[in-house]
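Peer 1: Below is a structure I'd like to ask you about.
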Amino acid sequence: MSAQSHRDHFVLSWTVRRTRLPLLALRCPCGAESATTGEGRFRVNANGKLLHVWLLVRCVRCARTSKLAVHERTPVRSLDPARLRAFESNDQALVARTLLDPALARRNRFALDWRGAWRLESAAVEAAWPYRVAVGFLDPVPVRPERLIAHALGISRGEVERRIKGDRPLHRTTSTGFSFVVLPAL
Ligand SMILES: [Zn+2]
């Protein structure tokens with residue numbers, strides 16, 4: 001949202017942030033393909049010296065609950081006690097960190113469905129051309145830069161190709177910061 005001068009360019013900051021937790025693309029026996037963390041709950045089971053922790057998710061259609069393994073047969077002593085307490089109290093920040101950890105998705109074979117779960121904070125600008133936009137990510141939302149830019153600036157994909165000079169390929173999905181220069185319309 002802020003603007004400041006940076007060398008000869010006018011620089012704008014855009015921010016990608018989530019508005020809620022994404023759904024999980026996860027097939028349920030009922031045929032539905034979406035699950036939710038709902039209120040966000042863990043199940044913790046200490047079996048002797050070994051610990052199991054699952055993140056509970058619920059089918060959005062039939063409400064069947066599934067468990068996603070977070071820790072399996074982990075020695076209790078190897079887990080930081082504060083982290084264990086956070087699991088036991090369903091700490092919401094830990095629910096979010098766990099769900100957004102790509103390792104959990106890989107192990108449990110699901111993808112995150114980010115549709116409708118994030119927004120771009122940008123400012124309209126009547127800036128001197130050309131100007132630079134730096135895009136930062138507060139959450140690992142996968143975006144296609146060319147689409148994000150076309151939508152945010154209200155220009156066509158063809159115009160993106162002509163007028164936007166990115167610091168990386170703009171057709172490649174990313175969840176990390178990038179920047180680009182906007183050239184004037186011809
Ligand atoms: Zn279901």
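Going through the structure tokens in order, the chains are called A, B, and so on, while each chain numbers its residues from 1 and the ligands are numbered from 1 in the order shown.
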From a DSSP pass on the backbone, collect the residues of chain A flagged as strand (DSSP E) and hand them back as a ChimeraX atom specification.
Peer 2: /A:3-6,9-18,23-25,34-47,50-59,65-75,111-113,118-121,131-137,164-166,178-182
Peer 1: Considering only C-alpha atoms, return as an NGL selection string whatever protein or nucleic-acid residues lie within 12 Å of Asp139 (chain A), sequence-local ones (same chain, fewer than 3 positions apart) excluded.
Peer 2: :A and (15-22 or 96-97 or 99-101 or 114 or 117-120 or 136 or 142-143 or 174-177)
Peer 1: Output the neighbourhood of ligand 1 as JSON, numbers by chain, that is, all protein and nucleic acid residues with some atom at most 9 Å from the ligand, counting only C-alpha atoms and all ligand atoms.
Peer 2: {"A": [27, 28, 29, 30, 31, 32, 33, 34, 35, 58, 59, 60, 61, 62, 63, 64, 65]}
Peer 1: Which residue, A:Arg147, A:Arg162, A:Arg85, A:Arg168, has the smallest gap to Arg43 (chain A) when you use only C-alpha atoms?
Peer 2: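 For Arg43 (chain A), the nearest of the given residues is A:Arg85.
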Peer 1: May I ask which of the residues A:Ala185, A:Leu79, A:Ala152, A:Ala103 is the closest one to Trp129 (chain A), counting only C-alpha atoms?
Peer 2: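 Checking each candidate against Trp129 (chain A), we get A:Ala185 as the closest.
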Peer 1: Which of region 51-146 of chain A counts as alpha helix (DSSP H) under DSSP, as a count of residues only please?
Peer 2: 26
Peer 1: Kindly indicate which residue among A:Ser13, A:Thr98, A:Asn108, A:Thr37 lies nearest to Arg132 (chain A), using only C-alpha atoms for the distances.
Peer 2: A:Ser13
Peer 1: Would you compute the distance between CA of Ile149 (chain A) and CA of Lys165 (chain A)? Give it in Å to one decimal.
Peer 2: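 Pair CA of Ile149 (chain A) / CA of Lys165 (chain A) returns 11.2 Å.
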Peer 1: What gap, in Å, lies between CA of Leu12 (chain A) and CA of Tyr131 (chain A)?
Peer 2: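 Going from CA of Leu12 (chain A) over to CA of Tyr131 (chain A), I get 7.7 Å.
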Peer 1: Return the single residue from A:Asp113, A:Glu88, A:Asp80, A:Glu121 that is closest to Trp14 (chain A), with distances computed using only C-alpha atoms.
Peer 2: A:Glu121
Peer 1: Extract, using only C-alpha atoms, all DNA, RNA and protein residues at most 9 Å from Ala111 (chain A), discarding same-chain residues fewer than 4 positions from it, and format them as a list in words.
Peer 2: Leu23, Leu24, Ala25, Leu26, Pro102, Ala105 and Arg106 of chain A
Peer 1: Just N, CA and C atoms for this one: save the residues we selected as a PDB file, in the first residue's frame.
Peer 2:
```
ATOM      1  N   LEU A  23      -9.114 -24.671   1.735  1.00  0.00           N
ATOM      2  CA  LEU A  23      -9.662 -26.027   1.833  1.00  0.00           C
ATOM      3  C   LEU A  23      -8.604 -27.006   1.363  1.00  0.00           C
ATOM      4  N   LEU A  24      -8.859 -28.291   1.585  1.00  0.00           N
ATOM      5  CA  LEU A  24      -7.951 -29.329   1.108  1.00  0.00           C
ATOM      6  C   LEU A  24      -8.638 -30.070  -0.023  1.00  0.00           C
ATOM      7  N   ALA A  25      -7.923 -30.260  -1.114  1.00  0.00           N
ATOM      8  CA  ALA A  25      -8.443 -31.100  -2.197  1.00  0.00           C
ATOM      9  C   ALA A  25      -8.126 -32.539  -1.796  1.00  0.00           C
ATOM     10  N   LEU A  26      -9.140 -33.200  -1.258  1.00  0.00           N
ATOM     11  CA  LEU A  26      -8.954 -34.519  -0.662  1.00  0.00           C
ATOM     12  C   LEU A  26     -10.227 -35.305  -0.916  1.00  0.00           C
ATOM     13  N   PRO A 102       4.216 -27.663   3.355  1.00  0.00           N
ATOM     14  CA  PRO A 102       4.141 -28.542   2.176  1.00  0.00           C
ATOM     15  C   PRO A 102       4.448 -30.007   2.507  1.00  0.00           C
ATOM     16  N   ALA A 105       1.234 -31.909   3.212  1.00  0.00           N
ATOM     17  CA  ALA A 105       0.464 -32.188   1.988  1.00  0.00           C
ATOM     18  C   ALA A 105       1.092 -33.349   1.223  1.00  0.00           C
ATOM     19  N   ARG A 106       2.424 -33.374   1.159  1.00  0.00           N
ATOM     20  CA  ARG A 106       3.103 -34.460   0.445  1.00  0.00           C
ATOM     21  C   ARG A 106       2.837 -35.799   1.111  1.00  0.00           C
TER      22      ARG A 106
END
```
Peer 1: I'd like the interatomic distance between CA of Glu161 (chain A) and CA of Val182 (chain A), to a tenth of an Å.
Peer 2: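 Rounded to one decimal, the two atoms are 10.5 Å apart.
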Peer 1: Could you check the closest approach to Leu84 (chain A) for each of A:Ala150, A:Leu51, A:Leu183, A:Val160 and tell me which residue wins, using only C-alpha atoms?
Peer 2: A:Leu51
